[in-house]
Amino acid sequence: AQRHTLRLERVADAAGSSWLARGRAARALGAVGLRASGVPLLQAALAPYLSVRKAVWEDEEALFVQAALRSLGRLGGADAEATLSAFLGVKEWACYAAEALGDCGGPAAAEALLAAFPSHALKDHLLLSSDWPLYSAKEIPALPLMDTPGFPSADRMPRAAFAILAALCRLALSAPAPREALRRLTPQLLVAIPSDHDASVVYEPEPVQQIVAWLFERAGLRREAAEAVFEAFGQQG
């Protein structure tokens, strides 16, 4: 057991192990479920990435960070949630932190996800004038370089925004505070839904449409949200 524990501690050994070895150790910590020792190791390994900013990371190092974040989610607990919530504020890693919070999150995680969403999605007062716009950090404050499209993007949602909504669907959202926060986000959620230009030939709902509909249902605003959309397009019932 001690030998295996020492091997797993490679996750925090920046000098003596390769990124691939550290990534394997990070994944193992999540799989083995050693919360008491695993969470502090992962927190120590991830701490530099809360302050160091790069537009582009080396592939193997990025894979290590992703593995460490996901393992924190699998291990769970209040300390893991706090670290993952902090990573929602780092645009390069926010999507992975959101996915991990969906694994371990409780009411505090739900509130952190809801608070982070406005920075990762189109602003609630913005309706893009072009049918095929190219959005950028001007429209989405926390848009990372890796997710900045080089092609028209009216029919897609930034990855972190989608990851946040998908994670919220995995949480209870039964406490009053997150449900009220979700209600306040309704206008921005409506704007953030991507255009579905293939709807005339593909009749299956897109995942993001189903996710947003479920969240509106949880907030008790599904009917009101649909009516607001019809009213915006001059089709009042």
# chains A, B, ... in the order shown; residues from 1 in each chain; ligands from 1
>>> residues_around(residues="Trp93 of chain A", least_positions_apart="4", cutoff="10 Å", atoms="only C-alpha atoms", output="list in words")
Tyr49, Leu50, Ala62, Val65, Gln66, Leu69, Leu84, Phe87, Leu88, Gly89, Ala97, Ala98, Pro144 and Ala160 of chain A
>>> write_last_selection(atoms="C-alpha atoms", output="PDB file, in the first residue's frame")
ATOM      1  CA  TYR A  49      -2.716  26.967 -12.489  1.00  0.00           C
ATOM      2  CA  LEU A  50      -4.972  29.324 -10.566  1.00  0.00           C
ATOM      3  CA  ALA A  62      -2.960  20.346 -20.338  1.00  0.00           C
ATOM      4  CA  VAL A  65      -4.497  19.514 -15.461  1.00  0.00           C
ATOM      5  CA  GLN A  66      -7.696  18.106 -16.960  1.00  0.00           C
ATOM      6  CA  LEU A  69      -9.572  18.464 -12.070  1.00  0.00           C
ATOM      7  CA  LEU A  84     -13.060  23.436  -8.509  1.00  0.00           C
ATOM      8  CA  PHE A  87     -11.137  27.180 -11.338  1.00  0.00           C
ATOM      9  CA  LEU A  88     -14.433  28.347 -12.834  1.00  0.00           C
ATOM     10  CA  GLY A  89     -12.778  31.765 -12.857  1.00  0.00           C
ATOM     11  CA  ALA A  97     -13.856  22.353 -13.558  1.00  0.00           C
ATOM     12  CA  ALA A  98     -17.554  22.604 -14.412  1.00  0.00           C
ATOM     13  CA  PRO A 144     -10.466  31.208 -24.074  1.00  0.00           C
ATOM     14  CA  ALA A 160     -17.552  26.251 -20.778  1.00  0.00           C
TER      15      ALA A 160
END
>>> closest_residue(among="A:Val39, A:Ala166, A:Ala25, A:Ala161", to="Arg74 of chain A", atoms="only C-alpha atoms")
A:Val39
>>> residues_around(residues="Ala177 of chain A", least_positions_apart="5", cutoff="9 Å", atoms="only C-alpha atoms", output="mmCIF file with N, CA and C atoms, in the first residue's frame")
data_model
loop_
_atom_site.group_PDB
_atom_site.id
_atom_site.type_symbol
_atom_site.label_atom_id
_atom_site.label_comp_id
_atom_site.auth_asym_id
_atom_site.auth_seq_id
_atom_site.Cartn_x
_atom_site.Cartn_y
_atom_site.Cartn_z
ATOM 1 N N PRO A 107 -25.212 22.052 -3.108
ATOM 2 C CA PRO A 107 -25.760 23.405 -3.265
ATOM 3 C C PRO A 107 -24.699 24.480 -3.477
ATOM 4 N N GLU A 111 -24.392 27.007 -6.805
ATOM 5 C CA GLU A 111 -24.325 28.466 -6.748
ATOM 6 C C GLU A 111 -23.078 28.982 -7.462
ATOM 7 N N LEU A 182 -30.994 30.735 -10.700
ATOM 8 C CA LEU A 182 -31.359 30.229 -12.023
ATOM 9 C C LEU A 182 -32.462 31.078 -12.652
#
>>> residues_around(residues="segment 99-101 of chain A", least_positions_apart="3", cutoff="6 Å", atoms="only C-alpha atoms", output="VMD selection string")
chain A and resid 70 73 96 104 to 105 163 167
>>> residues_around(residues="Phe117 of chain A", least_positions_apart="6", cutoff="12 Å", atoms="only C-alpha atoms", output="number ranges by chain")
A: 85, 88-89, 91, 94-95, 98, 110-111, 123-124, 140-143, 157-168, 181-182, 184-186, 188-189, 192
>>> atom_distance(atom1="atom CA of Ala116 of chain A", atom2="atom CA of Glu227 of chain A")
26.4 Å
>>> residues_around(residues="Ala36 of chain A", least_positions_apart="3", cutoff="10 Å", atoms="only C-alpha atoms", output="PyMOL selection string")
chain A and resi 33+39-41+75+77
>>> closest_residue(among="A:Ala112, A:Ile193, A:Ala68, A:Val212", to="Gly38 of chain A", atoms="only C-alpha atoms")
A:Ala68
>>> select_by_dssp(residues="segment 18-64 of chain A", states="helix (DSSP H, G or I)", output="VMD selection string")
chain A and resid 19 to 32 35 to 50 59 to 64
>>> atom_distance(atom1="atom CA of Gly102 of chain A", atom2="atom CA of Asp147 of chain A")
20.9 Å
>>> closest_residue(among="A:Ala175, A:Leu190, A:Leu122, A:Ala232", to="Arg218 of chain A", atoms="only C-alpha atoms")
A:Ala175
>>> atom_distance(atom1="atom CA of Glu60 of chain A", atom2="atom CA of Ala26 of chain A")
12.8 Å
>>> decode(residues="segment 130-215 of chain A", atoms="C-alpha atoms", output="short mmCIF file (atom, residue, chain, number, x, y, z; two decimals), in the first residue's frame")
data_model
loop_
_atom_site.label_atom_id
_atom_site.label_comp_id
_atom_site.auth_asym_id
_atom_site.auth_seq_id
_atom_site.Cartn_x
_atom_site.Cartn_y
_atom_site.Cartn_z
CA SER A 130 -25.78 38.97 -38.26
CA ASP A 131 -27.23 35.57 -39.15
CA TRP A 132 -23.70 34.12 -39.13
CA PRO A 133 -21.69 36.09 -36.56
CA LEU A 134 -18.21 35.46 -35.28
CA TYR A 135 -18.34 35.96 -31.52
CA SER A 136 -15.25 36.87 -29.53
CA ALA A 137 -14.18 37.92 -26.05
CA LYS A 138 -16.03 41.20 -26.67
CA GLU A 139 -19.33 39.34 -26.49
CA ILE A 140 -18.18 36.58 -24.11
CA PRO A 141 -15.81 37.91 -21.41
CA ALA A 142 -14.20 34.59 -20.43
CA LEU A 143 -13.81 33.09 -23.90
CA PRO A 144 -10.47 31.21 -24.07
CA LEU A 145 -8.35 31.18 -27.19
CA MET A 146 -8.92 27.45 -27.67
CA ASP A 147 -12.67 28.06 -27.96
CA THR A 148 -12.56 31.17 -30.13
CA PRO A 149 -14.12 30.11 -33.43
CA GLY A 150 -12.57 30.91 -36.76
CA PHE A 151 -15.86 30.33 -38.51
CA PRO A 152 -19.47 31.59 -38.13
CA SER A 153 -20.72 30.56 -34.74
CA ALA A 154 -24.42 31.33 -34.42
CA ASP A 155 -25.19 27.62 -34.12
CA ARG A 156 -22.79 26.78 -31.29
CA MET A 157 -22.35 27.55 -27.60
CA PRO A 158 -18.95 28.09 -25.94
CA ARG A 159 -17.72 24.90 -24.32
CA ALA A 160 -17.55 26.25 -20.78
CA ALA A 161 -21.11 27.59 -20.95
CA PHE A 162 -22.38 24.21 -22.13
CA ALA A 163 -20.35 22.37 -19.47
CA ILE A 164 -21.83 24.59 -16.75
CA LEU A 165 -25.41 23.94 -17.90
CA ALA A 166 -24.78 20.20 -18.26
CA ALA A 167 -23.28 20.07 -14.75
CA LEU A 168 -26.28 21.92 -13.31
CA CYS A 169 -28.57 19.24 -14.75
CA ARG A 170 -26.74 16.68 -12.61
CA LEU A 171 -27.29 18.60 -9.37
CA ALA A 172 -30.41 18.65 -7.23
CA LEU A 173 -31.10 22.42 -7.43
CA SER A 174 -33.57 21.93 -4.60
CA ALA A 175 -32.32 24.70 -2.30
CA PRO A 176 -33.95 28.14 -2.67
CA ALA A 177 -30.72 30.05 -3.41
CA PRO A 178 -29.66 28.20 -6.59
CA ARG A 179 -33.22 28.10 -7.90
CA GLU A 180 -33.55 31.85 -7.46
CA ALA A 181 -30.16 32.39 -9.13
CA LEU A 182 -31.36 30.23 -12.02
CA ARG A 183 -34.49 32.36 -12.38
CA ARG A 184 -32.35 35.51 -12.58
CA LEU A 185 -30.32 33.94 -15.40
CA THR A 186 -33.38 33.31 -17.59
CA PRO A 187 -32.79 36.22 -20.03
CA GLN A 188 -29.17 35.23 -20.62
CA LEU A 189 -30.07 31.57 -21.02
CA LEU A 190 -32.53 32.50 -23.76
CA VAL A 191 -29.91 34.56 -25.61
CA ALA A 192 -27.28 31.86 -25.17
CA ILE A 193 -29.25 29.10 -26.92
CA PRO A 194 -27.54 28.56 -30.29
CA SER A 195 -29.51 28.99 -33.50
CA ASP A 196 -30.58 25.67 -34.97
CA HIS A 197 -30.10 26.17 -38.70
CA ASP A 198 -30.56 22.44 -39.37
CA ALA A 199 -33.99 22.23 -37.77
CA SER A 200 -35.71 22.20 -41.16
CA VAL A 201 -34.05 18.89 -42.05
CA VAL A 202 -33.05 17.43 -38.67
CA TYR A 203 -36.02 17.22 -36.32
CA GLU A 204 -34.27 15.78 -33.26
CA PRO A 205 -33.84 18.35 -30.46
CA GLU A 206 -30.28 19.44 -29.82
CA PRO A 207 -28.85 18.53 -26.38
CA VAL A 208 -28.49 22.17 -25.36
CA GLN A 209 -32.18 22.78 -26.10
CA GLN A 210 -33.18 19.90 -23.86
CA ILE A 211 -30.79 21.02 -21.12
CA VAL A 212 -32.08 24.60 -21.08
CA ALA A 213 -35.71 23.40 -21.15
CA TRP A 214 -35.02 21.19 -18.13
CA LEU A 215 -33.39 24.05 -16.25
#
